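The structure appears right after this line, and notes come after that.
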Amino acid sequence: MLLAELVNQPGVIAAGEYSYRGDRFSYKGEIDDEMARMAAIMCRATSMSEHMQVGMLEQFCPDCGGSPPRGWIVRGPMFTVCNVANVFAFLHNQAASLNDVMALMQRRLADAPTDLV
Amino acid sequence: MAELSELMALPGAVAAFEMNDRGELLEHKIAARSDLDAQALDLLGHMCVANIAIATMQARGWEAVSDNKGFYPINGFTLVGMDWSAVTNGHRCVVLANGEADYELAYARLGVDGGET
Amino acid sequence: MIKRLLAIDGVAAVCKCRDDGAFVEGYGMMPDEQLEALALFAHEYKRIVQGNADQLSMFTGKSGWTPPTGWIVRGSGMSVCSVGNLVCVLENGEGNLTEVMKELAEVSHL
């Protein structure tokens with residue numbers, strides 16, 4: 001199970017998964033139900049936005065390597081949120097390796113559908 | 001703050017650019033092997049500004065309703081496309097080939113333009 | 001039915017898409033492929049606005065944001081506006097945005 005694997009990585013505070021329809025989510029780690037729900041809503045919104053943006057880029061620069069989008073990262077002073085497909089992770093900047101976590105997520109989610117269904 | 005040439009020296013860098021507050025392209029460098037062009041970078045610049053703004057709103061809202069601080073102010077956003085990732089902070093962005101992307105190093109070189117907590 | 005929106009002053013194009021984003025129909029002063037692109041854009045934009053409304057609802061703790069009714073993007077000379085699964089392109093100087101939004105709301109519920 002990817003979520004369990006992610007929260008076992010050093011510095012990963014929590015990991016979650018959401019449906020693109022927005023009707024369900026699951027999570028593991030040191031956040032409560034309400035925070036996980038909010039995190040799922042935010043991550044879903046950002047992924048939807050990214051999908052549209054990359055679609056626009058594809059119109060201007062067909063086959064230039066952006067589409068379909070695989071994920072995104074938001075970096076804060078202490079924490080980072082990274083998202084691949086419909087899975088997200090909250091990392092502590094000092095304790096976690098963003099590169100290792102991204103590599104793990106990209107490896108495990110390499111075949112995830114990209115049509116947001 | 002890193003010069004564009006320093007960003008281009010990152011592993012897998014295919015393009016680096018500077019944008020204004022609106023995302024308009026000011027200066028750029030594109031590796032010979034890249035399919036990206038100035039128009040695509042200009043659009044990416046607008047995406048960078050849009051995503052930092054969205055992430056800033058999310059971090060602000062998150063910290064207002066939870067005890068979990070450390071996201072605001074946003075210090076960067078990365079869009080992970082199919083072949084490359086666009087890593088941005090402040091007025092700069094570097095585009096890295098996904099296979100070689102070192103996100104930690106890219107953020108270190110882009111600095112903490114957003115400010116610290 | 002959506003063709004009647006073209007009769008409003010300033011409306012340059014109108015499109016309808018399904019809930020899943022598939023193009024249903026489109027009319028106006030632009031080629032078919034642009035009408036299809038407009039429908040897709042409207043579908044993606046609707047999802048973003050839904051995400052924004054969810055977050056506004058969550059962060060402010062106030063009701064009334066969701067589900068969002070529509071959206072308007074105002075450009076310097078043109079506007080794009082949408083209600084439900086309908087989207088219109090309007091020439092700002094030629095028409096009245098409020099009138100178009102009212103008509104969009106009415107037609108989208110028919």
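To be explicit about the labels: the chains of the structure tokens are called A, B, and onward in the order shown, and within each one the residues are counted from 1, while ligands get numbers from 1 in the order they are shown.
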What residues in chain B have any atom no more than 7 Å from chain A when counting only C-alpha atoms, and can you write them as JSON, numbers by chain? {"B": [35, 36, 40, 43, 47, 55, 70, 71, 72, 73, 74, 75, 76, 77, 78, 79, 80, 81, 82, 83, 84, 102, 103, 104, 116, 117]}
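Using only C-alpha atoms, the chain C residues found within 6 Å of chain A amount to Glu44, Ile48 and Gly51 of chain C.
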Could the residues in this selection be written to a file with C-alpha atoms, as a CSV table (one decimal), in the first residue's frame?
```
chain,number,residue,atom,x,y,z
C,44,GLU,CA,-11.6,22.5,-17.1
C,48,ILE,CA,-11.0,24.9,-11.1
C,51,GLY,CA,-12.0,23.7,-6.4
```
Go through B:Ala59, B:Ala101, B:Ala38, B:Leu4 one by one, measure the shortest atom-to-atom distance of each to chain C using only C-alpha atoms, and give the residue with the smallest value. B:Ala59
Proximity to chain C - best of B:Asn20, B:Ser5, B:Asn51, B:Gln58, only C-alpha atoms: B:Gln58
Can I get the residues of chain B within 10 Å of chain C, each with the closest pair of atoms and their distance in Å to one decimal, using only C-alpha atoms, sorted chain first then ascending number, as JSON lines?
```
{"residue": "B:Ile54", "atom": "CA", "partner": "C:Asn52", "partner_atom": "CA", "distance": 9.1}
{"residue": "B:Met57", "atom": "CA", "partner": "C:Gln55", "partner_atom": "CA", "distance": 9.4}
{"residue": "B:Gln58", "atom": "CA", "partner": "C:Gln55", "partner_atom": "CA", "distance": 7.8}
{"residue": "B:Arg60", "atom": "CA", "partner": "C:Phe59", "partner_atom": "CA", "distance": 9.0}
{"residue": "B:Gly61", "atom": "CA", "partner": "C:Phe59", "partner_atom": "CA", "distance": 5.3}
{"residue": "B:Trp62", "atom": "CA", "partner": "C:Phe59", "partner_atom": "CA", "distance": 7.1}
{"residue": "B:Glu63", "atom": "CA", "partner": "C:Phe59", "partner_atom": "CA", "distance": 9.5}
{"residue": "B:Ala64", "atom": "CA", "partner": "C:Phe59", "partner_atom": "CA", "distance": 7.5}
{"residue": "B:Val65", "atom": "CA", "partner": "C:Phe59", "partner_atom": "CA", "distance": 6.5}
{"residue": "B:Ser66", "atom": "CA", "partner": "C:Phe59", "partner_atom": "CA", "distance": 9.8}
```
According to DSSP computed on the backbone, where in chain C is there strand (DSSP E or B)? Give the residues as an mmCIF file with C-alpha atoms, in the first residue's frame.
```cif
data_model
loop_
_atom_site.group_PDB
_atom_site.id
_atom_site.type_symbol
_atom_site.label_atom_id
_atom_site.label_comp_id
_atom_site.auth_asym_id
_atom_site.auth_seq_id
_atom_site.Cartn_x
_atom_site.Cartn_y
_atom_site.Cartn_z
ATOM 1 C CA VAL C 11 -22.062 37.409 -28.146
ATOM 2 C CA ALA C 12 -19.483 36.038 -30.594
ATOM 3 C CA ALA C 13 -19.782 32.339 -29.771
ATOM 4 C CA VAL C 14 -21.624 29.897 -27.557
ATOM 5 C CA CYS C 15 -20.850 26.270 -26.720
ATOM 6 C CA LYS C 16 -22.294 23.455 -24.694
ATOM 7 C CA CYS C 17 -20.431 20.510 -23.227
ATOM 8 C CA PHE C 23 -18.405 18.733 -26.811
ATOM 9 C CA VAL C 24 -22.155 18.786 -27.506
ATOM 10 C CA GLU C 25 -22.707 21.769 -29.789
ATOM 11 C CA GLY C 26 -21.270 25.167 -30.565
ATOM 12 C CA TYR C 27 -22.145 28.166 -32.736
ATOM 13 C CA GLY C 28 -20.600 31.498 -33.583
ATOM 14 C CA GLY C 70 -20.591 30.011 -13.064
ATOM 15 C CA TRP C 71 -17.593 32.175 -13.800
ATOM 16 C CA ILE C 72 -16.496 35.185 -15.843
ATOM 17 C CA VAL C 73 -13.032 35.960 -17.162
ATOM 18 C CA ARG C 74 -12.860 39.587 -18.230
ATOM 19 C CA MET C 78 -13.372 40.127 -24.803
ATOM 20 C CA SER C 79 -14.932 38.206 -21.942
ATOM 21 C CA VAL C 80 -15.613 34.511 -21.522
ATOM 22 C CA CYS C 81 -18.484 33.620 -19.235
ATOM 23 C CA SER C 82 -20.112 30.384 -18.225
ATOM 24 C CA VAL C 83 -23.086 29.016 -16.316
ATOM 25 C CA LEU C 86 -22.740 26.564 -21.301
ATOM 26 C CA VAL C 87 -20.033 29.053 -22.209
ATOM 27 C CA CYS C 88 -20.159 32.313 -24.171
ATOM 28 C CA VAL C 89 -17.553 34.578 -25.718
ATOM 29 C CA LEU C 90 -18.565 38.233 -25.549
ATOM 30 C CA GLU C 91 -17.132 41.360 -27.137
#
```
Please identify the alpha helix (DSSP H) residues within chain A (assignment by DSSP from backbone atoms) and present them as number ranges by chain. A: 2-7, 33-60, 98-108
